[in-house]
>>> print(open('entry_0.cif').read())   # mmCIF, C-alpha atoms
data_target
loop_
_atom_site.group_PDB
_atom_site.id
_atom_site.type_symbol
_atom_site.label_atom_id
_atom_site.label_comp_id
_atom_site.auth_asym_id
_atom_site.auth_seq_id
_atom_site.Cartn_x
_atom_site.Cartn_y
_atom_site.Cartn_z
ATOM 1 C CA MET A 1 212.084 164.722 160.305
ATOM 2 C CA LEU A 2 209.009 162.585 161.051
ATOM 3 C CA LYS A 3 209.260 160.627 164.309
ATOM 4 C CA SER A 4 208.158 157.268 162.915
ATOM 5 C CA PHE A 5 209.397 153.804 163.828
ATOM 6 C CA ASP A 6 210.558 153.127 160.263
ATOM 7 C CA ASN A 7 212.486 156.398 160.135
ATOM 8 C CA ARG A 8 214.219 155.479 163.390
ATOM 9 C CA ILE A 9 215.186 152.041 162.096
ATOM 10 C CA ILE A 10 216.513 153.409 158.798
ATOM 11 C CA ALA A 11 218.546 156.072 160.601
ATOM 12 C CA LEU A 12 219.894 153.449 163.004
ATOM 13 C CA ALA A 13 220.751 151.297 159.998
ATOM 14 C CA GLY A 14 222.705 154.276 158.681
ATOM 15 C CA VAL A 15 224.786 154.322 161.864
ATOM 16 C CA LEU A 16 225.448 150.591 161.692
ATOM 17 C CA GLN A 17 226.215 150.738 157.976
ATOM 18 C CA ALA A 18 228.858 153.404 158.557
ATOM 19 C CA ALA A 19 230.394 151.395 161.414
ATOM 20 C CA HIS A 20 230.457 148.242 159.283
ATOM 21 C CA LEU A 21 232.112 150.027 156.364
ATOM 22 C CA VAL A 22 234.710 151.568 158.699
ATOM 23 C CA ASN A 23 235.573 148.110 159.995
ATOM 24 C CA ARG A 24 235.797 146.582 156.516
ATOM 25 C CA ILE A 25 238.033 149.368 155.208
ATOM 26 C CA ALA A 26 240.253 149.339 158.308
ATOM 27 C CA GLN A 27 240.714 145.587 158.047
ATOM 28 C CA HIS A 28 240.815 145.069 154.285
ATOM 29 C CA GLY A 29 241.231 148.473 152.644
ATOM 30 C CA MET A 30 237.945 148.120 150.755
ATOM 31 C CA ALA A 31 234.208 147.806 151.244
ATOM 32 C CA ASP A 32 231.027 147.558 149.196
ATOM 33 C CA GLN A 33 231.204 150.505 146.803
ATOM 34 C CA ALA A 34 227.468 151.108 146.521
ATOM 35 C CA ALA A 35 227.039 151.198 150.314
ATOM 36 C CA LEU A 36 230.084 153.450 150.605
ATOM 37 C CA GLU A 37 228.713 155.932 148.082
ATOM 38 C CA THR A 38 225.317 155.950 149.791
ATOM 39 C CA SER A 39 226.787 156.577 153.239
ATOM 40 C CA ILE A 40 229.024 159.367 151.968
ATOM 41 C CA GLY A 41 226.140 160.826 149.979
ATOM 42 C CA SER A 42 223.919 160.829 153.083
ATOM 43 C CA VAL A 43 226.218 163.394 154.706
ATOM 44 C CA LEU A 44 225.591 165.799 151.840
ATOM 45 C CA LYS A 45 221.773 165.595 152.024
ATOM 46 C CA LEU A 46 221.099 168.281 154.587
ATOM 47 C CA ASP A 47 217.499 169.072 153.631
ATOM 48 C CA ALA A 48 215.925 165.649 153.072
ATOM 49 C CA GLU A 49 212.358 165.134 154.331
ATOM 50 C CA SER A 50 212.703 161.461 155.292
ATOM 51 C CA THR A 51 215.405 158.942 156.104
ATOM 52 C CA ARG A 52 214.539 157.008 152.965
ATOM 53 C CA GLU A 53 215.324 160.136 150.964
ATOM 54 C CA VAL A 54 218.631 160.563 152.810
ATOM 55 C CA TYR A 55 219.725 157.108 151.660
ATOM 56 C CA GLY A 56 218.072 157.123 148.251
ATOM 57 C CA GLY A 57 215.557 154.479 149.299
ATOM 58 C CA LEU A 58 215.832 151.289 151.299
ATOM 59 C CA ASN A 59 218.270 149.740 148.838
ATOM 60 C CA GLY A 60 220.871 152.337 149.836
ATOM 61 C CA VAL A 61 220.808 151.252 153.464
ATOM 62 C CA MET A 62 220.406 147.502 152.874
ATOM 63 C CA THR A 63 223.861 146.803 154.344
ATOM 64 C CA GLY A 64 222.860 148.706 157.456
ATOM 65 C CA LEU A 65 219.537 146.871 157.802
ATOM 66 C CA ARG A 66 221.436 143.582 157.700
ATOM 67 C CA GLN A 67 223.692 144.903 160.453
ATOM 68 C CA VAL A 68 220.657 145.853 162.552
ATOM 69 C CA GLU A 69 219.531 142.249 162.236
ATOM 70 C CA ARG A 70 222.967 140.951 163.236
ATOM 71 C CA GLN A 71 224.274 143.461 165.766
ATOM 72 C CA ILE A 72 221.034 143.841 167.716
ATOM 73 C CA GLY A 73 220.352 140.146 167.277
ATOM 74 C CA SER A 74 222.788 137.364 168.088
ATOM 75 C CA GLN A 75 225.701 137.854 165.655
ATOM 76 C CA ARG A 76 227.371 140.889 167.174
ATOM 77 C CA ASP A 77 230.806 142.074 166.122
ATOM 78 C CA PRO A 78 232.486 143.633 169.192
ATOM 79 C CA LEU A 79 234.495 146.139 167.150
ATOM 80 C CA GLU A 80 231.516 147.380 165.178
ATOM 81 C CA GLN A 81 229.356 147.444 168.285
ATOM 82 C CA GLY A 82 231.958 149.650 169.954
ATOM 83 C CA TYR A 83 231.984 152.031 166.996
ATOM 84 C CA VAL A 84 228.186 152.277 167.071
ATOM 85 C CA ILE A 85 228.103 153.048 170.796
ATOM 86 C CA SER A 86 230.742 155.747 170.358
ATOM 87 C CA LEU A 87 228.980 157.270 167.347
ATOM 88 C CA LEU A 88 225.718 157.547 169.281
ATOM 89 C CA GLN A 89 227.544 159.165 172.190
ATOM 90 C CA LEU A 90 229.277 161.611 169.880
ATOM 91 C CA GLU A 91 226.103 162.671 168.101
ATOM 92 C CA GLY A 92 224.668 163.776 171.425
ATOM 93 C CA ARG A 93 227.768 165.755 172.315
ATOM 94 C CA LEU A 94 227.891 167.333 168.858
ATOM 95 C CA ARG A 95 224.246 168.436 169.095
ATOM 96 C CA ALA A 96 225.141 170.277 172.285
ATOM 97 C CA ARG A 97 227.836 172.292 170.484
ATOM 98 C CA SER A 98 226.250 174.786 168.108
ATOM 99 C CA ASP A 99 229.678 176.137 167.178
ATOM 100 C CA LEU A 100 230.887 172.735 166.004
ATOM 101 C CA LEU A 101 227.595 172.008 164.235
ATOM 102 C CA GLU A 102 228.016 175.211 162.265
ATOM 103 C CA ARG A 103 231.539 174.189 161.250
ATOM 104 C CA VAL A 104 230.274 170.755 160.202
ATOM 105 C CA THR A 105 227.602 172.385 158.046
ATOM 106 C CA ASP A 106 230.196 174.660 156.426
ATOM 107 C CA GLY A 107 232.433 171.678 155.646
ATOM 108 C CA VAL A 108 229.555 169.654 154.250
ATOM 109 C CA ARG A 109 228.464 172.512 152.003
ATOM 110 C CA GLU A 110 232.012 172.813 150.701
ATOM 111 C CA ALA A 111 231.981 169.081 149.918
ATOM 112 C CA GLN A 112 228.536 169.450 148.315
ATOM 113 C CA ALA A 113 229.842 172.092 145.946
ATOM 114 C CA LEU A 114 232.807 169.938 144.960
ATOM 115 C CA ALA A 115 230.632 166.845 144.504
ATOM 116 C CA THR A 116 228.569 168.578 141.811
ATOM 117 C CA ASN A 117 231.471 167.965 139.424
ATOM 118 C CA LEU A 118 233.179 164.970 141.031
ATOM 119 C CA PRO A 119 232.126 161.488 142.191
ATOM 120 C CA LEU A 120 231.004 161.221 145.822
ATOM 121 C CA THR A 121 234.030 159.088 146.662
ATOM 122 C CA ASP A 122 236.548 161.252 144.857
ATOM 123 C CA PRO A 123 239.626 161.762 147.079
ATOM 124 C CA ALA A 124 239.082 165.535 147.113
ATOM 125 C CA VAL A 125 235.497 165.189 148.388
ATOM 126 C CA LEU A 126 236.529 162.623 150.999
ATOM 127 C CA ALA A 127 239.421 164.837 152.126
ATOM 128 C CA ILE A 128 237.040 167.730 152.890
ATOM 129 C CA LEU A 129 234.691 165.484 154.866
ATOM 130 C CA ALA A 130 237.628 163.875 156.677
ATOM 131 C CA ASP A 131 239.062 167.273 157.616
ATOM 132 C CA THR A 132 235.612 168.371 158.799
ATOM 133 C CA TYR A 133 235.397 165.325 161.046
ATOM 134 C CA SER A 134 238.917 165.889 162.409
ATOM 135 C CA ASP A 135 238.240 169.564 163.154
ATOM 136 C CA THR A 136 234.892 168.982 164.871
ATOM 137 C CA VAL A 137 233.699 165.540 165.984
ATOM 138 C CA SER A 138 237.207 164.265 166.630
ATOM 139 C CA THR A 139 237.726 166.985 169.237
ATOM 140 C CA LEU A 140 234.923 165.522 171.351
ATOM 141 C CA SER A 141 234.985 162.578 173.753
ATOM 142 C CA PRO A 142 235.002 159.634 173.323
ATOM 143 C CA ARG A 143 237.486 159.843 170.494
ATOM 144 C CA ILE A 144 237.032 156.815 168.264
ATOM 145 C CA MET A 145 240.136 154.683 167.905
ATOM 146 C CA VAL A 146 239.762 152.529 164.798
ATOM 147 C CA THR A 147 241.330 149.075 164.906
ATOM 148 C CA GLY A 148 242.663 147.520 161.719
ATOM 149 C CA GLU A 149 245.652 146.579 159.643
ATOM 150 C CA PRO A 150 248.468 149.142 160.106
ATOM 151 C CA ASN A 151 249.320 148.925 156.414
ATOM 152 C CA GLN A 152 245.804 150.113 155.639
ATOM 153 C CA LEU A 153 245.382 152.664 158.403
ATOM 154 C CA ASN A 154 248.667 154.381 157.546
ATOM 155 C CA ARG A 155 247.507 155.182 154.019
ATOM 156 C CA PRO A 156 246.148 158.767 153.843
ATOM 157 C CA GLU A 157 243.381 157.853 151.397
ATOM 158 C CA ILE A 158 242.182 155.066 153.699
ATOM 159 C CA ALA A 159 242.281 157.341 156.732
ATOM 160 C CA ASN A 160 240.182 159.908 154.847
ATOM 161 C CA ARG A 161 237.588 157.302 153.885
ATOM 162 C CA ILE A 162 237.315 156.157 157.471
ATOM 163 C CA ARG A 163 236.931 159.693 158.856
ATOM 164 C CA ALA A 164 234.345 160.565 156.211
ATOM 165 C CA LEU A 165 232.384 157.431 157.135
ATOM 166 C CA LEU A 166 232.588 158.275 160.830
ATOM 167 C CA LEU A 167 231.077 161.652 159.962
ATOM 168 C CA ALA A 168 228.342 159.777 158.092
ATOM 169 C CA GLY A 169 227.757 157.661 161.195
ATOM 170 C CA VAL A 170 227.405 160.725 163.414
ATOM 171 C CA ARG A 171 225.054 162.304 160.863
ATOM 172 C CA ALA A 172 222.919 159.132 160.950
ATOM 173 C CA GLY A 173 222.958 159.261 164.738
ATOM 174 C CA ILE A 174 221.612 162.814 164.666
ATOM 175 C CA LEU A 175 218.853 161.659 162.284
ATOM 176 C CA TRP A 176 218.059 158.807 164.673
ATOM 177 C CA HIS A 177 217.664 161.284 167.527
ATOM 178 C CA GLN A 178 215.534 163.623 165.382
ATOM 179 C CA CYS A 179 213.236 160.693 164.582
ATOM 180 C CA GLY A 180 212.738 159.980 168.276
ATOM 181 C CA GLY A 181 215.513 157.453 168.820
ATOM 182 C CA GLY A 182 216.904 156.844 172.298
ATOM 183 C CA ARG A 183 219.097 154.254 173.996
ATOM 184 C CA LEU A 184 216.490 153.011 176.479
ATOM 185 C CA GLN A 185 213.966 152.736 173.679
ATOM 186 C CA LEU A 186 216.453 150.718 171.651
ATOM 187 C CA LEU A 187 217.089 148.430 174.619
ATOM 188 C CA PHE A 188 213.418 147.723 175.282
ATOM 189 C CA GLN A 189 212.407 147.494 171.616
ATOM 190 C CA ALA A 190 215.292 145.338 170.394
ATOM 191 C CA ARG A 191 213.129 142.439 169.183
ATOM 192 C CA LYS A 192 210.653 144.753 167.509
ATOM 193 C CA THR A 193 213.519 146.623 165.833
ATOM 194 C CA VAL A 194 215.099 143.432 164.469
ATOM 195 C CA ALA A 195 211.726 142.152 163.259
ATOM 196 C CA ARG A 196 210.962 145.377 161.379
ATOM 197 C CA ALA A 197 214.475 145.483 159.891
ATOM 198 C CA ARG A 198 213.819 142.003 158.467
ATOM 199 C CA GLU A 199 210.533 143.193 156.990
ATOM 200 C CA LEU A 200 212.256 146.177 155.378
ATOM 201 C CA LEU A 201 214.905 143.866 153.909
ATOM 202 C CA LYS A 202 212.117 141.787 152.370
ATOM 203 C CA GLU A 203 210.638 144.988 150.977
ATOM 204 C CA VAL A 204 213.979 145.700 149.265
ATOM 205 C CA GLY A 205 213.902 142.222 147.750
ATOM 206 C CA ASN A 206 210.350 142.697 146.488
ATOM 207 C CA ASP A 207 211.304 145.996 144.869
ATOM 208 C CA ARG A 208 213.962 144.184 142.850
ATOM 209 C CA VAL A 209 211.555 141.629 141.419
#
>>> encode(input="entry_0.cif", output="structure tokens")
Amino acid sequence: MLKSFDNRIIALAGVLQAAHLVNRIAQHGMADQAALETSIGSVLKLDAESTREVYGGLNGVMTGLRQVERQIGSQRDPLEQGYVISLLQLEGRLRARSDLLERVTDGVREAQALATNLPLTDPAVLAILADTYSDTVSTLSPRIMVTGEPNQLNRPEIANRIRALLLAGVRAGILWHQCGGGRLQLLFQARKTVARARELLKEVGNDRV
């Protein structure tokens, strides 16, 4: 994966998009369907050559780019910020465990095969990704504790969506690292990151004209 600034921002947007969708689903039981499908689909794209390809273009990660603008800017959501921090910690720990990475790949390939005949957000596809997350990433520290409405979190289908999205967030975090992302870099390039995210959002708007 090319270590370019744009690739880093798009991958980071993928992390923030997953965290935002987790929060929306945990609180309300639903989230933007197009963003949900894109984030789930990103997990299944193991051999993409660029982050844009992973998300099917900038439009697929538009929700995440907006969150980059907000969360790194001045409109931070503490819950989502906590999820993002944990996801970036977990991606590093997962990269250090080749055994778990192999199990993640096996689970993703199983979901890939199923998704050839079913929608990306079909319960069966989500269940495989959720089980993969539970058997691998969830065994690492820090374990993410999702906050939301108990009536939502206690529903198996909601729990599976959340776990599948957390896997998508970790996958985006790994992409971010592969593209040269790092925490100190993010800290010292916050303004530049927000400014470029805004430019990419404008590029999405121009593509729609």
>>> closest_atom_pairs(input="entry_0.cif", of="stretch 55-125 of chain A", to="stretch 165-172 of chain A", cutoff="10 Å", atoms="all atoms listed in the file", output="Markdown table")
| residue | atom | partner | partner_atom | distance |
| --- | --- | --- | --- | --- |
| A:Tyr83 | CA | A:Leu166 | CA | 8.8 |
| A:Val84 | CA | A:Gly169 | CA | 8.0 |
| A:Ser86 | CA | A:Val170 | CA | 9.2 |
| A:Leu87 | CA | A:Val170 | CA | 5.5 |
| A:Leu88 | CA | A:Val170 | CA | 6.9 |
| A:Gln89 | CA | A:Val170 | CA | 8.9 |
| A:Leu90 | CA | A:Val170 | CA | 6.8 |
| A:Glu91 | CA | A:Val170 | CA | 5.2 |
| A:Gly92 | CA | A:Val170 | CA | 9.0 |
| A:Leu94 | CA | A:Val170 | CA | 8.6 |
| A:Val104 | CA | A:Leu167 | CA | 9.1 |
| A:Val108 | CA | A:Leu167 | CA | 9.9 |
>>> residues_around(input="entry_0.cif", residues="A:Glu110", least_positions_apart="4", cutoff="9 Å", atoms="all atoms listed in the file", output="list in words")
Thr105, Asp106, Leu114, Ala115, Val125, Ile128 and Leu129 of chain A
>>> residues_around(input="entry_0.cif", residues="stretch 13-22 of chain A", least_positions_apart="3", cutoff="9 Å", atoms="all atoms listed in the file", output="PDB file with C-alpha atoms, in the frame of the given file")
ATOM      1  CA  ARG A   8     214.219 155.479 163.390  1.00  0.00           C
ATOM      2  CA  ILE A   9     215.186 152.041 162.096  1.00  0.00           C
ATOM      3  CA  ILE A  10     216.513 153.409 158.798  1.00  0.00           C
ATOM      4  CA  ILE A  25     238.033 149.368 155.208  1.00  0.00           C
ATOM      5  CA  ALA A  26     240.253 149.339 158.308  1.00  0.00           C
ATOM      6  CA  GLN A  27     240.714 145.587 158.047  1.00  0.00           C
ATOM      7  CA  MET A  30     237.945 148.120 150.755  1.00  0.00           C
ATOM      8  CA  ALA A  31     234.208 147.806 151.244  1.00  0.00           C
ATOM      9  CA  ASP A  32     231.027 147.558 149.196  1.00  0.00           C
ATOM     10  CA  ALA A  35     227.039 151.198 150.314  1.00  0.00           C
ATOM     11  CA  LEU A  36     230.084 153.450 150.605  1.00  0.00           C
ATOM     12  CA  SER A  39     226.787 156.577 153.239  1.00  0.00           C
ATOM     13  CA  ILE A  40     229.024 159.367 151.968  1.00  0.00           C
ATOM     14  CA  SER A  42     223.919 160.829 153.083  1.00  0.00           C
ATOM     15  CA  TYR A  55     219.725 157.108 151.660  1.00  0.00           C
ATOM     16  CA  VAL A  61     220.808 151.252 153.464  1.00  0.00           C
ATOM     17  CA  MET A  62     220.406 147.502 152.874  1.00  0.00           C
ATOM     18  CA  THR A  63     223.861 146.803 154.344  1.00  0.00           C
ATOM     19  CA  GLY A  64     222.860 148.706 157.456  1.00  0.00           C
ATOM     20  CA  LEU A  65     219.537 146.871 157.802  1.00  0.00           C
ATOM     21  CA  ARG A  66     221.436 143.582 157.700  1.00  0.00           C
ATOM     22  CA  GLN A  67     223.692 144.903 160.453  1.00  0.00           C
ATOM     23  CA  VAL A  68     220.657 145.853 162.552  1.00  0.00           C
ATOM     24  CA  GLN A  71     224.274 143.461 165.766  1.00  0.00           C
ATOM     25  CA  LEU A  79     234.495 146.139 167.150  1.00  0.00           C
ATOM     26  CA  GLU A  80     231.516 147.380 165.178  1.00  0.00           C
ATOM     27  CA  GLN A  81     229.356 147.444 168.285  1.00  0.00           C
ATOM     28  CA  GLY A  82     231.958 149.650 169.954  1.00  0.00           C
ATOM     29  CA  TYR A  83     231.984 152.031 166.996  1.00  0.00           C
ATOM     30  CA  VAL A  84     228.186 152.277 167.071  1.00  0.00           C
ATOM     31  CA  LEU A  87     228.980 157.270 167.347  1.00  0.00           C
ATOM     32  CA  LEU A  88     225.718 157.547 169.281  1.00  0.00           C
ATOM     33  CA  VAL A 146     239.762 152.529 164.798  1.00  0.00           C
ATOM     34  CA  ARG A 161     237.588 157.302 153.885  1.00  0.00           C
ATOM     35  CA  ILE A 162     237.315 156.157 157.471  1.00  0.00           C
ATOM     36  CA  ARG A 163     236.931 159.693 158.856  1.00  0.00           C
ATOM     37  CA  LEU A 165     232.384 157.431 157.135  1.00  0.00           C
ATOM     38  CA  LEU A 166     232.588 158.275 160.830  1.00  0.00           C
ATOM     39  CA  LEU A 167     231.077 161.652 159.962  1.00  0.00           C
ATOM     40  CA  ALA A 168     228.342 159.777 158.092  1.00  0.00           C
ATOM     41  CA  GLY A 169     227.757 157.661 161.195  1.00  0.00           C
ATOM     42  CA  VAL A 170     227.405 160.725 163.414  1.00  0.00           C
ATOM     43  CA  ARG A 171     225.054 162.304 160.863  1.00  0.00           C
ATOM     44  CA  ALA A 172     222.919 159.132 160.950  1.00  0.00           C
ATOM     45  CA  GLY A 173     222.958 159.261 164.738  1.00  0.00           C
ATOM     46  CA  TRP A 176     218.059 158.807 164.673  1.00  0.00           C
ATOM     47  CA  ALA A 197     214.475 145.483 159.891  1.00  0.00           C
TER      48      ALA A 197
END
>>> axis_aligned_box(input="entry_0.cif", around="stretch 147-160 of chain A", padding_each_side="6 Å", output="lines of an AutoDock Vina configuration file")
center_x = 244.8
center_y = 153.2
center_z = 158.2
size_x = 21.1
size_y = 25.3
size_z = 25.5
>>> closest_residue(input="entry_0.cif", among="A:Asn7, A:Thr51, A:Thr38, A:Ser134", to="A:Thr193", atoms="all atoms listed in the file")
A:Asn7
>>> closest_residue(input="entry_0.cif", among="A:Leu44, A:Lys3, A:Asn151, A:Ile72", to="A:Leu186", atoms="only C-alpha atoms")
A:Ile72
>>> atom_distance(input="entry_0.cif", atom1="atom CA of A:Leu58", atom2="atom CA of A:Ala124")
27.6 Å
>>> closest_residue(input="entry_0.cif", among="A:Arg93, A:His28, A:Lys45, A:Lys202", to="A:Arg143", atoms="all atoms listed in the file")
A:Arg93
>>> atom_distance(input="entry_0.cif", atom1="atom CA of A:Thr116", atom2="atom CA of A:Ala159")
23.2 Å
>>> closest_residue(input="entry_0.cif", among="A:Glu157, A:Asp47, A:Glu53, A:Glu102", to="A:Asp135", atoms="all atoms listed in the file")
A:Glu102
>>> atom_distance(input="entry_0.cif", atom1="atom CA of A:Gly57", atom2="atom CA of A:Ala11")
11.8 Å
